[in-house]
Structures are given as C-alpha cells and as structure tokens.
>>> print(open('protein13.cif').read())   # mmCIF, C-alpha atoms
data_target
loop_
_atom_site.label_atom_id
_atom_site.label_comp_id
_atom_site.auth_asym_id
_atom_site.auth_seq_id
_atom_site.Cartn_x
_atom_site.Cartn_y
_atom_site.Cartn_z
CA MET A 1 -6.55 93.71 69.40
CA SER A 2 -6.86 92.83 65.73
CA ARG A 3 -6.86 89.41 64.23
CA ASN A 4 -6.08 88.68 60.63
CA LYS A 5 -8.89 87.95 58.23
CA GLY A 6 -8.08 84.31 57.65
CA PHE A 7 -8.36 83.65 61.36
CA GLU A 8 -11.73 85.44 61.55
CA ASP A 9 -13.01 83.37 58.61
CA ALA A 10 -11.83 80.20 60.24
CA LEU A 11 -13.65 81.08 63.45
CA ARG A 12 -16.88 81.74 61.55
CA ASP A 13 -16.50 78.45 59.68
CA LEU A 14 -16.15 76.62 62.96
CA ASP A 15 -19.54 77.96 64.01
CA THR A 16 -21.33 77.16 60.77
CA ALA A 17 -19.91 74.86 58.11
CA GLY A 18 -17.09 73.41 60.16
CA ARG A 19 -19.09 70.77 61.98
CA ALA A 20 -20.94 69.63 58.92
CA GLY A 21 -17.73 69.50 56.92
CA GLU A 22 -16.10 67.15 59.40
CA GLY A 23 -18.60 64.43 58.61
CA GLY A 24 -19.84 62.09 61.28
CA GLU A 25 -23.47 62.83 61.97
CA THR A 26 -24.09 64.64 58.71
CA GLY A 27 -21.95 62.76 56.23
CA PRO A 28 -18.76 63.84 54.49
CA GLY A 29 -19.82 67.46 54.09
CA VAL A 30 -19.75 69.92 51.22
CA GLU A 31 -17.52 69.13 48.27
CA ALA A 32 -14.78 71.75 48.14
CA GLU A 33 -13.56 73.57 45.07
CA ALA A 34 -10.95 71.37 43.48
CA ALA A 35 -8.60 74.28 42.86
CA SER A 36 -8.56 75.32 46.53
CA HIS A 37 -5.71 72.91 47.28
CA PRO A 38 -2.85 72.47 44.77
CA THR A 39 -2.52 68.74 45.44
CA VAL A 40 -6.13 67.68 44.95
CA PRO A 41 -6.49 68.25 41.16
CA GLU A 42 -3.33 66.27 40.56
CA LEU A 43 -4.56 63.50 42.84
CA ARG A 44 -7.82 63.33 40.90
CA ALA A 45 -5.96 63.24 37.59
CA LYS A 46 -3.72 60.47 38.83
CA PHE A 47 -6.09 58.27 40.81
CA GLY A 48 -9.52 59.26 39.49
CA PRO A 49 -12.30 57.34 41.21
CA ALA A 50 -10.12 56.36 44.17
CA ILE A 51 -10.44 59.96 45.42
CA LEU A 52 -13.97 59.84 46.77
CA HIS A 53 -14.44 63.26 48.27
CA HIS A 54 -12.67 66.50 49.07
CA SER A 55 -13.83 68.97 51.69
CA VAL A 56 -12.49 71.87 53.72
CA VAL A 57 -13.00 72.09 57.47
CA ALA A 58 -12.13 74.68 60.10
CA GLY A 59 -11.22 77.29 57.52
CA ASP A 60 -8.25 75.81 55.70
CA GLU A 61 -7.88 72.14 56.59
CA HIS A 62 -8.30 70.01 53.50
CA VAL A 63 -9.68 66.51 53.88
CA ILE A 64 -9.70 63.95 51.13
CA ARG A 65 -11.55 60.69 51.44
CA VAL A 66 -10.06 57.79 49.55
CA ALA A 67 -10.83 54.14 48.98
CA LEU A 68 -9.09 52.03 51.61
CA GLU A 69 -7.46 49.68 49.10
CA ASN A 70 -5.80 52.64 47.35
CA ALA A 71 -4.56 54.36 50.51
CA TYR A 72 -1.08 52.89 50.35
CA GLU A 73 -0.35 53.83 46.74
CA ILE A 74 -1.79 57.30 47.20
CA LEU A 75 0.42 57.88 50.23
CA ALA A 76 3.42 56.54 48.33
CA TRP A 77 2.71 58.94 45.48
CA LEU A 78 2.16 61.88 47.81
CA ARG A 79 5.48 61.17 49.47
CA ASP A 80 7.55 60.59 46.35
CA ASP A 81 6.09 62.87 43.68
CA ALA A 82 8.52 65.72 43.07
CA ALA A 83 5.78 68.35 43.19
CA GLN A 84 4.07 67.07 46.35
CA ARG A 85 6.75 65.78 48.73
CA TYR A 86 4.54 65.09 51.73
CA ASP A 87 7.54 63.90 53.64
CA TYR A 88 6.17 64.15 57.17
CA LEU A 89 3.42 61.88 58.46
CA LYS A 90 2.19 63.79 61.47
CA ASP A 91 -0.29 61.22 62.75
CA VAL A 92 -2.11 58.02 62.04
CA THR A 93 -5.26 57.49 64.03
CA ALA A 94 -8.85 56.40 63.62
CA ILE A 95 -12.34 57.62 64.48
CA ASP A 96 -15.25 55.49 65.59
CA TRP A 97 -18.45 57.39 64.86
CA GLY A 98 -20.57 54.68 66.46
CA GLY A 99 -23.99 53.61 65.28
CA GLY A 100 -22.65 50.83 63.09
CA ARG A 101 -20.82 53.21 60.80
CA PRO A 102 -17.39 52.16 59.55
CA LEU A 103 -14.26 53.22 61.40
CA GLU A 104 -12.43 56.06 59.75
CA LEU A 105 -8.68 55.74 59.37
CA VAL A 106 -6.98 59.15 59.38
CA TYR A 107 -3.58 60.12 58.01
CA GLU A 108 -2.30 63.61 58.79
CA LEU A 109 0.26 64.65 56.22
CA TRP A 110 2.57 67.63 56.08
CA SER A 111 4.93 68.69 53.35
CA ILE A 112 7.92 70.43 54.89
CA PRO A 113 9.32 71.77 51.56
CA ASN A 114 5.95 73.14 50.45
CA ALA A 115 4.66 74.07 53.94
CA ARG A 116 1.34 72.41 53.09
CA GLY A 117 -0.90 70.02 54.95
CA LEU A 118 -3.40 67.40 53.86
CA ARG A 119 -5.63 65.06 55.79
CA MET A 120 -6.50 61.73 54.24
CA LYS A 121 -9.32 59.55 55.47
CA ALA A 122 -10.35 56.04 54.53
CA ALA A 123 -13.35 54.08 55.76
CA VAL A 124 -12.59 50.69 57.32
CA PRO A 125 -15.66 48.40 57.32
CA LEU A 126 -16.51 46.94 60.73
CA ASP A 127 -16.66 43.36 59.50
CA SER A 128 -13.13 43.53 58.08
CA LEU A 129 -10.85 45.74 60.15
CA TYR A 130 -7.75 45.45 58.00
CA ALA A 131 -5.59 48.11 56.39
CA ASP A 132 -2.22 48.19 54.67
CA SER A 133 0.65 49.28 56.87
CA VAL A 134 2.52 52.34 55.64
CA ALA A 135 5.47 51.73 57.96
CA SER A 136 7.55 50.94 54.88
CA LEU A 137 6.88 54.48 53.60
CA TYR A 138 7.10 56.40 56.87
CA ALA A 139 9.11 54.91 59.73
CA THR A 140 6.99 56.90 62.18
CA ALA A 141 3.93 54.92 61.13
CA ASP A 142 5.31 51.92 63.00
CA TRP A 143 4.29 53.09 66.48
CA LEU A 144 1.34 55.17 65.27
CA GLU A 145 -0.19 52.10 63.67
CA ARG A 146 0.51 50.07 66.79
CA GLU A 147 -1.42 52.67 68.76
CA THR A 148 -4.30 52.58 66.28
CA TYR A 149 -4.32 48.79 66.52
CA ASP A 150 -4.21 48.98 70.31
CA MET A 151 -7.06 51.47 70.63
CA PHE A 152 -9.33 50.49 67.69
CA GLY A 153 -8.35 46.94 66.72
CA ILE A 154 -7.52 47.78 63.12
CA VAL A 155 -5.01 45.17 61.93
CA PHE A 156 -2.29 46.57 59.67
CA ARG A 157 -1.06 44.11 57.07
CA ASP A 158 2.71 43.77 56.69
CA HIS A 159 3.40 45.77 59.82
CA PRO A 160 6.90 44.91 61.12
CA ASP A 161 5.81 44.45 64.75
CA LEU A 162 2.10 44.75 65.40
CA ARG A 163 1.70 44.58 69.19
CA ARG A 164 -0.16 46.64 71.74
CA ILE A 165 1.75 49.76 72.65
CA LEU A 166 -0.23 51.62 75.34
CA MET A 167 -2.14 48.84 77.07
CA ALA A 168 -0.26 45.93 78.63
CA ASP A 169 0.50 42.89 76.49
CA ASN A 170 -1.91 40.76 78.53
CA TYR A 171 -4.79 43.21 78.10
CA ALA A 172 -7.86 41.20 77.10
CA GLU A 173 -10.74 43.64 77.40
CA GLY A 174 -10.79 44.71 73.76
CA TYR A 175 -10.09 48.05 72.17
CA PRO A 176 -10.71 51.04 74.47
CA LEU A 177 -11.44 53.84 71.99
CA ARG A 178 -14.30 51.98 70.29
CA LYS A 179 -17.68 53.53 70.92
CA ASP A 180 -19.03 50.23 72.25
CA PHE A 181 -16.25 49.93 74.86
CA PRO A 182 -17.51 50.54 78.40
CA LEU A 183 -15.82 53.54 80.01
CA ARG A 184 -14.60 51.54 82.99
CA GLY A 185 -13.56 48.51 80.98
CA ARG A 186 -15.17 45.11 80.57
CA PHE A 187 -13.77 43.42 83.67
CA THR A 188 -14.49 44.21 87.29
CA ARG A 189 -12.06 46.42 89.20
CA ALA A 190 -10.86 43.42 91.22
CA GLU A 191 -10.18 41.44 88.05
CA GLN A 192 -8.39 44.39 86.48
CA THR A 193 -6.22 44.74 89.58
CA ARG A 194 -5.46 41.03 89.65
CA ARG A 195 -4.56 40.93 85.97
CA SER A 196 -2.36 44.01 86.13
CA LEU A 197 -0.36 42.59 89.04
CA ASP A 198 -0.14 39.23 87.28
CA PHE A 199 1.50 40.86 84.30
CA ASP A 200 5.10 39.83 84.02
CA LEU A 201 7.28 41.18 81.22
CA ALA A 202 9.25 37.94 81.27
CA ASP A 203 6.15 36.11 79.99
CA TYR A 204 6.20 38.17 76.83
CA TYR A 205 9.82 39.05 76.21
CA ASN A 206 12.97 36.99 76.38
CA GLU A 207 15.90 37.91 78.55
CA GLN A 208 17.77 39.50 75.68
CA GLU A 209 14.86 41.76 74.81
CA LEU A 210 14.53 42.84 78.42
CA SER A 211 18.18 43.76 78.75
CA VAL A 212 18.98 47.31 77.73
CA ILE A 213 22.71 46.64 77.83
CA ASP A 214 22.40 43.75 75.39
CA ASP A 215 20.25 45.95 73.20
CA VAL A 216 22.94 48.61 73.02
CA ALA A 217 25.58 45.96 72.32
CA ARG A 218 23.43 44.52 69.55
CA HIS A 219 23.00 47.95 68.06
CA HIS A 220 26.77 48.53 68.02
CA ASP A 221 27.36 45.09 66.49
CA ALA A 222 24.90 45.85 63.71
CA GLN A 223 26.56 49.20 63.10
CA ARG A 224 30.01 47.65 62.92
CA GLN A 225 28.79 45.03 60.48
CA ALA A 226 27.13 47.66 58.32
CA GLU A 227 30.36 49.67 58.24
CA SER A 228 32.60 46.74 57.39
CA ALA A 229 30.20 45.23 54.81
CA PRO A 230 31.08 47.29 51.70
CA MET B 1 10.81 42.80 115.23
CA GLY B 2 11.93 39.51 116.66
CA LEU B 3 12.94 41.00 119.99
CA ASN B 4 11.65 39.52 123.20
CA LEU B 5 11.12 42.71 125.12
CA PRO B 6 10.28 42.68 128.78
CA THR B 7 6.68 43.36 129.74
CA VAL B 8 5.08 43.84 133.11
CA PRO B 9 2.66 41.08 134.21
CA SER B 10 -0.39 42.97 133.01
CA GLY B 11 0.89 42.76 129.41
CA GLU B 12 1.64 46.46 129.25
CA PRO B 13 5.08 47.41 127.91
CA SER B 14 7.58 47.93 130.70
CA PHE B 15 9.46 51.13 131.40
CA LEU B 16 12.47 49.83 129.50
CA THR B 17 10.35 49.04 126.41
CA THR B 18 8.66 52.42 126.33
CA ARG B 19 11.99 54.25 126.68
CA LEU B 20 13.47 52.11 123.87
CA ASP B 21 10.37 52.78 121.76
CA PHE B 22 10.81 56.49 122.33
CA VAL B 23 14.40 56.47 121.14
CA VAL B 24 13.78 54.18 118.17
CA ASN B 25 10.71 56.09 117.01
CA TRP B 26 12.50 59.41 117.47
CA ALA B 27 15.32 58.18 115.25
CA ARG B 28 12.99 56.69 112.65
CA ARG B 29 10.65 59.62 112.25
CA ASN B 30 13.41 62.20 112.06
CA SER B 31 15.34 60.44 109.32
CA LEU B 32 12.66 59.24 106.92
CA TRP B 33 14.18 58.73 103.51
CA PRO B 34 11.46 59.15 100.92
CA MET B 35 11.21 57.08 97.79
CA PRO B 36 9.51 59.50 95.36
CA PHE B 37 7.09 57.65 93.11
CA GLY B 38 6.02 60.67 91.09
CA THR B 39 3.78 59.90 88.14
CA ALA B 40 1.92 63.16 87.50
CA CYS B 41 1.39 66.76 88.55
CA CYS B 42 1.50 65.90 92.27
CA ALA B 43 5.19 65.15 91.73
CA ILE B 44 5.71 68.82 90.83
CA GLU B 45 4.32 69.81 94.23
CA MET B 46 6.45 67.13 95.85
CA MET B 47 9.53 68.63 94.20
CA ALA B 48 8.44 72.08 95.36
CA THR B 49 8.13 70.65 98.86
CA ALA B 50 11.69 69.41 98.69
CA ALA B 51 13.00 72.71 97.35
CA THR B 52 14.23 75.68 99.38
CA LYS B 53 10.99 77.43 100.26
CA TYR B 54 9.35 74.45 102.00
CA ASP B 55 12.56 72.51 102.57
CA LEU B 56 11.80 68.90 103.47
CA ALA B 57 15.31 68.67 104.92
CA ARG B 58 13.86 70.23 108.08
CA PHE B 59 12.26 66.83 108.75
CA GLY B 60 15.38 64.79 108.09
CA MET B 61 14.22 64.05 104.55
CA GLU B 62 16.86 65.85 102.53
CA ARG B 63 17.85 62.68 100.79
CA MET B 64 15.31 61.62 98.17
CA SER B 65 16.14 57.97 97.76
CA PHE B 66 15.74 56.89 94.18
CA SER B 67 16.63 53.37 95.21
CA PRO B 68 13.87 51.51 97.06
CA ARG B 69 16.49 49.52 99.00
CA GLN B 70 17.58 52.65 100.86
CA ALA B 71 14.14 54.16 101.47
CA ASP B 72 11.67 54.13 104.37
CA LEU B 73 8.80 56.16 102.95
CA LEU B 74 7.12 55.68 99.60
CA ILE B 75 5.40 58.88 98.46
CA CYS B 76 3.09 57.97 95.61
CA ALA B 77 2.43 61.31 93.91
CA GLY B 78 0.06 61.12 91.00
CA ARG B 79 -2.24 58.82 89.12
CA VAL B 80 -1.24 55.20 88.68
CA ALA B 81 -2.27 53.30 85.58
CA TYR B 82 -2.92 49.57 85.74
CA LYS B 83 0.18 49.16 83.59
CA MET B 84 2.16 50.92 86.35
CA ALA B 85 0.60 48.91 89.21
CA PRO B 86 3.08 45.98 89.10
CA VAL B 87 5.94 48.49 89.17
CA LEU B 88 4.51 50.22 92.25
CA ARG B 89 3.98 46.88 93.97
CA LYS B 90 7.49 45.71 93.12
CA ILE B 91 9.07 48.89 94.46
CA TRP B 92 7.05 48.51 97.69
CA ASP B 93 8.14 44.88 98.00
CA GLN B 94 11.76 45.89 97.48
CA MET B 95 11.73 48.43 100.31
CA PRO B 96 13.08 46.98 103.57
CA GLN B 97 11.21 47.24 106.86
CA PRO B 98 10.47 49.54 108.57
CA LYS B 99 8.60 51.29 105.76
CA TRP B 100 5.61 53.59 105.41
CA SER B 101 3.72 55.03 102.50
CA ILE B 102 1.92 58.26 101.73
CA SER B 103 -0.72 58.44 99.02
CA MET B 104 -0.46 62.00 97.75
CA GLY B 105 -3.39 63.56 95.95
CA ALA B 106 -6.84 62.54 94.83
CA CYS B 107 -5.73 60.23 92.02
CA ALA B 108 -3.37 58.13 94.09
CA SER B 109 -5.90 57.95 96.92
CA SER B 110 -9.03 57.14 94.95
CA GLY B 111 -8.44 57.38 91.21
CA GLY B 112 -9.69 60.95 91.30
CA VAL B 113 -11.45 62.08 88.16
CA PHE B 114 -9.91 59.18 86.26
CA ASP B 115 -12.66 56.65 86.85
CA VAL B 116 -11.77 54.86 83.62
CA TYR B 117 -10.65 51.54 82.22
CA SER B 118 -6.93 52.20 82.55
CA MET B 119 -6.57 53.70 86.02
CA VAL B 120 -6.02 52.16 89.45
CA GLN B 121 -8.83 53.31 91.77
CA GLY B 122 -6.68 54.11 94.78
CA ILE B 123 -3.22 52.69 95.40
CA ASP B 124 -4.47 51.06 98.60
CA THR B 125 -5.72 48.28 96.34
CA ILE B 126 -2.06 47.66 95.44
CA ILE B 127 -0.01 48.55 98.54
CA PRO B 128 -0.86 49.43 102.17
CA VAL B 129 -1.14 53.17 102.79
CA ASP B 130 -0.43 55.02 106.05
CA VAL B 131 -1.45 58.59 105.22
CA TYR B 132 -3.74 59.90 102.50
CA VAL B 133 -3.13 63.52 101.50
CA PRO B 134 -6.16 65.04 99.75
CA GLY B 135 -5.90 67.72 97.10
CA CYS B 136 -5.55 68.04 93.38
CA PRO B 137 -2.66 68.48 93.69
CA PRO B 138 -2.08 69.11 97.42
CA ARG B 139 -0.06 72.19 98.19
CA PRO B 140 3.35 71.62 99.76
CA GLU B 141 1.82 72.54 103.13
CA GLY B 142 -0.61 69.66 102.62
CA LEU B 143 2.14 67.17 101.97
CA ILE B 144 4.11 68.44 104.95
CA TYR B 145 0.99 68.11 107.12
CA GLY B 146 0.67 64.52 105.91
CA ILE B 147 4.29 63.85 106.78
CA LEU B 148 3.77 65.33 110.26
CA MET B 149 0.73 63.07 110.69
CA LEU B 150 2.96 60.15 109.75
CA HIS B 151 5.41 61.33 112.41
CA GLU B 152 2.58 61.15 114.96
CA LYS B 153 1.76 57.64 113.74
CA ILE B 154 5.37 56.54 114.09
CA LYS B 155 5.46 58.00 117.62
CA GLY B 156 2.69 55.60 118.58
CA GLU B 157 4.44 52.46 117.35
CA THR B 158 5.97 50.04 119.83
CA LEU B 159 8.54 47.31 119.45
CA SER B 160 6.41 45.06 121.64
CA ASN B 161 3.91 44.83 118.77
CA VAL B 162 5.69 41.85 117.28
CA GLY B 163 3.60 41.42 114.15
CA LEU B 164 3.67 45.06 113.10
CA ARG B 165 6.59 44.79 110.70
CA GLU B 166 6.06 41.22 109.57
CA GLU B 167 5.44 40.58 105.91
CA ASP B 168 3.87 37.48 104.40
CA PRO B 169 6.08 36.23 101.55
CA ASP B 170 2.96 34.91 99.82
CA ARG B 171 1.57 38.43 99.55
CA VAL B 172 4.52 39.73 97.56
CA GLY B 173 3.31 41.00 94.20
CA ARG B 174 -0.34 40.40 95.14
CA PRO B 175 -3.14 42.97 95.51
CA ASN B 176 -3.22 44.62 98.91
CA LEU B 177 -6.96 44.07 99.35
CA PRO B 178 -9.16 41.03 98.70
CA ALA B 179 -11.23 41.11 95.51
CA GLY B 180 -14.50 41.70 97.35
CA VAL B 181 -13.17 44.81 99.07
CA VAL B 182 -11.82 46.21 95.79
CA GLU B 183 -15.27 45.79 94.30
CA GLU B 184 -16.88 47.41 97.32
CA LEU B 185 -14.50 50.37 97.02
CA ALA B 186 -15.54 50.78 93.38
CA LEU B 187 -19.09 51.53 94.59
CA PRO B 188 -21.37 53.37 94.03
CA PHE B 189 -20.67 52.31 90.49
CA GLY B 190 -20.51 48.63 91.34
CA ASN B 191 -19.55 46.15 88.71
CA SER B 192 -17.51 48.03 86.18
CA THR B 193 -19.42 46.61 83.24
CA GLN B 194 -22.82 47.70 84.54
CA GLN B 195 -22.71 51.45 84.80
CA ASN B 196 -22.13 53.21 81.55
CA GLN B 197 -24.19 54.12 78.53
CA VAL B 198 -23.14 51.17 76.43
CA SER B 199 -24.33 48.68 79.05
CA GLY B 200 -27.84 49.40 77.79
CA LEU B 201 -29.02 51.63 80.62
CA VAL B 202 -28.88 54.55 78.21
CA ASN B 203 -29.32 54.13 74.48
CA THR B 204 -26.33 55.44 72.54
CA ARG B 205 -27.50 54.06 69.19
CA ALA B 206 -24.41 51.89 69.11
CA LEU B 207 -25.45 48.90 67.05
CA ALA B 208 -24.26 45.36 67.57
CA ARG B 209 -20.96 44.88 65.86
CA PRO B 210 -18.47 42.06 65.39
CA SER B 211 -17.14 41.11 68.78
CA ASP B 212 -13.70 42.43 69.66
CA ARG B 213 -10.93 40.17 68.59
CA GLN B 214 -9.03 39.24 71.69
CA PRO B 215 -5.27 39.62 71.40
#
>>> encode(input="protein13.cif", output="structure tokens")
Amino acid sequence: MSRNKGFEDALRDLDTAGRAGEGGETGPGVEAEAASHPTVPELRAKFGPAILHHSVVAGDEHVIRVALENAYEILAWLRDDAAQRYDYLKDVTAIDWGGGRPLELVYELWSIPNARGLRMKAAVPLDSLYADSVASLYATADWLERETYDMFGIVFRDHPDLRRILMADNYAEGYPLRKDFPLRGRFTRAEQTRRSLDFDLADYYNEQELSVIDDVARHHDAQRQAESAP
Amino acid sequence: MGLNLPTVPSGEPSFLTTRLDFVVNWARRNSLWPMPFGTACCAIEMMATAATKYDLARFGMERMSFSPRQADLLICAGRVAYKMAPVLRKIWDQMPQPKWSISMGACASSGGVFDVYSMVQGIDTIIPVDVYVPGCPPRPEGLIYGILMLHEKIKGETLSNVGLREEDPDRVGRPNLPAGVVEELALPFGNSTQQNQVSGLVNTRALARPSDRQP
C-alpha cells in the first residue's frame, strides 16, 4: 500500500509542527512563507497590518489571523475579488482555549472556482464578546452564527435573527462550550427536568410562527408579490 | 377501569373477574400497537426488529402506530435531550389508556454515556416506564425479550385493580418523579454543579471571567 508524498508529509507534520502551529498552548505558531498560499500576499498588500499572522497546520491548511474589527471587510473582499472568489463559507465557529485567553472566532472558507481553502481566525476579547455578523455576505452564516452565539455567547452585530438554535429558548444556564461551563450544566438535574418540561413554544412564538401551513402560504404570497412587482 | 366487578367476601377477585381478566389481558398483550419514539441508533435496531428476520408481527405488533392516539406501547429508543423531553411527555399524555412503555437501551434508561448538560438522565424522570431493555444498542432479541416481559406483566394485571389505569390530570406535562428522587438518581455525582473540574475540585487554570450573560 503506497500513499502519496503530500499525505506522508501531512502525517509527519501532525506529529511535530502541527500542534504548535494550531496555537492554543504555544501561541499562534510558526509564520509561514507568504508565497505558500496565493491569497495571502494579496491580502497583505490590501489590508497590511490587519493581517496579523499566517501559519500552516496539518500539512496544507492555511490559517490567517486577522484583527476582529477588519474581519467583515476582509471576508467581503475574499468573497468578491475576481481572483479570490471564496464563495463558500464552510463553517463559522469559535474556540475557547480557557485560562483567560480570548475566544477565537473561526471562519472556514472555500473557493469552489479555485478549489482552494483558507481558515480565518479573529480573537474576541472576553470582556467584549461582540463581532460583526457576516450573514449579509453569506446566507449560511445566519444559522452558523446563531450556533456560535448559542454555544459561546458571542453576540453578532446586525444579525437578522440572533436567537439560540440548539438549546431551548428558555435555556438560562449560560453557554455550554465555554471552558468554564460545568459538564453537567449549572442547574441540578431536577431543575433541568422541571425547566425542560415547562418549556412551551407558545411562550416564545406566536400562532402564525408555529403554523407550518401559514408559513407556506406566506411564502407563496411573497413569491406572487415578487413576481407581479416589476 | 370504572367497572364494579364482583369479588368474593375475602376481597379476592371472583371466578368471573379472573376469567374476564384472562380474556382482556390476552387481547391486550397480543395486539400491542407500538408508538416508535426513535431518537438514535436504538431506533435502527427497533426497525430491524420490525423487519422480516425478527418480525414483530408475530406478537401482534405489525402496525407501528405513528399516531399516539392509536398506540398502546411507547418504545423510547435512543437518547432524549432535554429539548426533546416535553415532546416525549406530550406524546405519552396523548396516548389513551391502557398504555405501557419500554425504555430501550442505555441512554433512554439512564442517560448512558451522555452524562452531560443537555441529556435527560433516564426517561423515567419524564414518563413512567414498564420495561427497561439494557444494551447499547440492544439486539433485536433483547427488545423482543423486553416485549415478552411486558406480556408477562400484562398477564398479571386485573380489572379489579381500580386505580391501575387512572391518571391525575394535574400530572399532565409534569415530571414523572419528584425533584428529590431525580436528584437521588443523579447520584453518585450528586448536585450537578458540584462534580466537575471547573467546580474547583480540580484546577483547570480557568481564570475568573465576565459572568455569562443570561439570555
């Protein structure tokens, strides 16, 4: 059984440099050669100091660290620039490294035309967990940002509908994927059981929102209006 | 059952009652209509149980009832999240008497390996359970054994036990067990905020941080 060389290199990197490159315990890792990814030199030319760091992990995964306040415009440029066309946002999530370090907001990008990936990270300080929503750039960011809000408590500005998505709407124990969140939750099992059975969708949604049939009808109405408008 | 059935002076059920019990229980146990509440991998085994090789139809269960109104037996197959708990309770409340329930697999019976913030630690905190089937997931033989045990349980029921099928309207939508018992069942871990690393028993180097904003 023979593996190709790139795969072998990637495996070796995982053993040695991979961990360090990922950051966390040992910081952002070794600065990668700028020319190793076609997008990075152009990003540096365009945004300069907003691109804080560039590293390679697990063989060929390129990670750039950017300033949080520039994340939106960088993503907009990556999506719209004719040479980049990162048109697919694979994931938005966050990492809590614990120990008082800032949360790390992660954007996984993929360019379908260029068959190229890029990971973008931005540090979110613990005393101000706010970030700009990119739902206006990528529609998929809507639910991904809701999940990140639900699990980490990062509030996305200008998000169209920032609610919890995995936990129930009446969940009041905090944000489960934070390092300081107790594994079994903050409330007792009896309290958790009581609260879960107390949850009533009607307390949070009106009748129209709860009705699938009305929803479909509304959708058709909107479509008809859009067709007859011009 | 609001029937006034004849008893002999000693309080024992009379011959007539026991014969009626026999017929009623025979009919009930041989035409259980299961309401499949499949939430995880146990549901795959439940489907295998219903398929040709194991063939649940042998026990009068060929009709999986996806409507709780036409079901006698709730088979909870798989882990139940707290977000799913009100759904499970509502389905149980919607099923008409007589009704039974089987908790299939480790997760439904006790939370299994999912001893975490989001998971119900045994569905008996939510609804009453007649038979617990262990396994992760149980093989179809295990589920069938559980069903046969339920048959034995149904055989022992009697119409002269007036309170057996009564339901308290106040309990609808409420936890099946009192809070103290739920806490006791969560042992040996006890209070859920007192047993993990962040509680301070083990130092994780997690520093104090701004308190979580409550939604």
>>> resolve_selection(input="protein13.cif", expression="the PyMOL selection byres ((chain A and resi 170) around 8)", output="list in words")
Ala168, Asp169, Tyr171, Ala172, Arg195 and Phe199 of chain A; Pro215 of chain B
>>> atom_distance(input="protein13.cif", atom1="CA of Arg28 (chain B)", atom2="CA of Tyr54 (chain B)")
21.0 Å
>>> residues_near_point(input="protein13.cif", point="(5.2, 43.4, 90.6)", cutoff="6 Å", atoms="only C-alpha atoms", output="ChimeraX atom specification")
/A:197 /B:86-87,89-90,173
>>> residues_near_point(input="protein13.cif", point="(12.2, 55.2, 101.5)", cutoff="12 Å", atoms="only C-alpha atoms", output="PyMOL selection string")
chain B and resi 28-29+31-37+61-76+91-102
>>> resolve_selection(input="protein13.cif", expression="the PyMOL selection byres ((chain A) within 7 of (chain B))", output="PDB file with C-alpha atoms, in the coordinates of the input")
ATOM      1  CA  GLY A  98     -20.570  54.680  66.460  1.00  0.00           C
ATOM      2  CA  GLY A  99     -23.990  53.610  65.280  1.00  0.00           C
ATOM      3  CA  GLY A 100     -22.650  50.830  63.090  1.00  0.00           C
ATOM      4  CA  ASP A 127     -16.660  43.360  59.500  1.00  0.00           C
ATOM      5  CA  MET A 167      -2.140  48.840  77.070  1.00  0.00           C
ATOM      6  CA  ALA A 168      -0.260  45.930  78.630  1.00  0.00           C
ATOM      7  CA  ALA A 172      -7.860  41.200  77.100  1.00  0.00           C
ATOM      8  CA  GLY A 174     -10.790  44.710  73.760  1.00  0.00           C
ATOM      9  CA  ASP A 180     -19.030  50.230  72.250  1.00  0.00           C
ATOM     10  CA  PRO A 182     -17.510  50.540  78.400  1.00  0.00           C
ATOM     11  CA  LEU A 183     -15.820  53.540  80.010  1.00  0.00           C
ATOM     12  CA  ARG A 184     -14.600  51.540  82.990  1.00  0.00           C
ATOM     13  CA  GLY A 185     -13.560  48.510  80.980  1.00  0.00           C
ATOM     14  CA  ARG A 186     -15.170  45.110  80.570  1.00  0.00           C
ATOM     15  CA  PHE A 187     -13.770  43.420  83.670  1.00  0.00           C
ATOM     16  CA  THR A 188     -14.490  44.210  87.290  1.00  0.00           C
ATOM     17  CA  ARG A 189     -12.060  46.420  89.200  1.00  0.00           C
ATOM     18  CA  ALA A 190     -10.860  43.420  91.220  1.00  0.00           C
ATOM     19  CA  THR A 193      -6.220  44.740  89.580  1.00  0.00           C
ATOM     20  CA  ARG A 194      -5.460  41.030  89.650  1.00  0.00           C
ATOM     21  CA  SER A 196      -2.360  44.010  86.130  1.00  0.00           C
ATOM     22  CA  LEU A 197      -0.360  42.590  89.040  1.00  0.00           C
TER      23      LEU A 197
END
>>> atom_distance(input="protein13.cif", atom1="CA of Leu78 (chain A)", atom2="CA of Ser36 (chain A)")
17.2 Å
>>> build_atoms(input="protein13.cif", residues="region 168-179 of chain A", atoms="N, CA and C atoms", output="short mmCIF file (atom, residue, chain, number, x, y, z; two decimals), in the frame of the given file")
data_model
loop_
_atom_site.label_atom_id
_atom_site.label_comp_id
_atom_site.auth_asym_id
_atom_site.auth_seq_id
_atom_site.Cartn_x
_atom_site.Cartn_y
_atom_site.Cartn_z
N ALA A 168 -1.22 47.00 78.35
CA ALA A 168 -0.26 45.93 78.63
C ALA A 168 -0.47 44.78 77.63
N ASP A 169 0.57 43.98 77.46
CA ASP A 169 0.50 42.89 76.49
C ASP A 169 -0.57 41.87 76.85
N ASN A 170 -0.90 41.75 78.15
CA ASN A 170 -1.91 40.76 78.53
C ASN A 170 -3.31 41.36 78.59
N TYR A 171 -3.49 42.56 78.04
CA TYR A 171 -4.79 43.21 78.10
C TYR A 171 -5.79 42.44 77.25
N ALA A 172 -6.91 42.07 77.82
CA ALA A 172 -7.86 41.20 77.10
C ALA A 172 -9.27 41.76 77.10
N GLU A 173 -9.40 43.08 77.31
CA GLU A 173 -10.74 43.64 77.40
C GLU A 173 -11.21 44.24 76.08
N GLY A 174 -10.38 44.18 75.06
CA GLY A 174 -10.79 44.71 73.76
C GLY A 174 -10.05 45.98 73.42
N TYR A 175 -10.73 46.88 72.73
CA TYR A 175 -10.09 48.05 72.17
C TYR A 175 -10.76 49.31 72.71
N PRO A 176 -10.06 50.04 73.61
CA PRO A 176 -10.71 51.04 74.47
C PRO A 176 -11.34 52.23 73.75
N LEU A 177 -10.87 52.64 72.58
CA LEU A 177 -11.44 53.84 71.99
C LEU A 177 -12.63 53.55 71.08
N ARG A 178 -13.07 52.28 71.03
CA ARG A 178 -14.30 51.98 70.29
C ARG A 178 -15.50 52.55 71.03
N LYS A 179 -16.50 52.96 70.28
CA LYS A 179 -17.68 53.53 70.92
C LYS A 179 -18.41 52.51 71.80
#
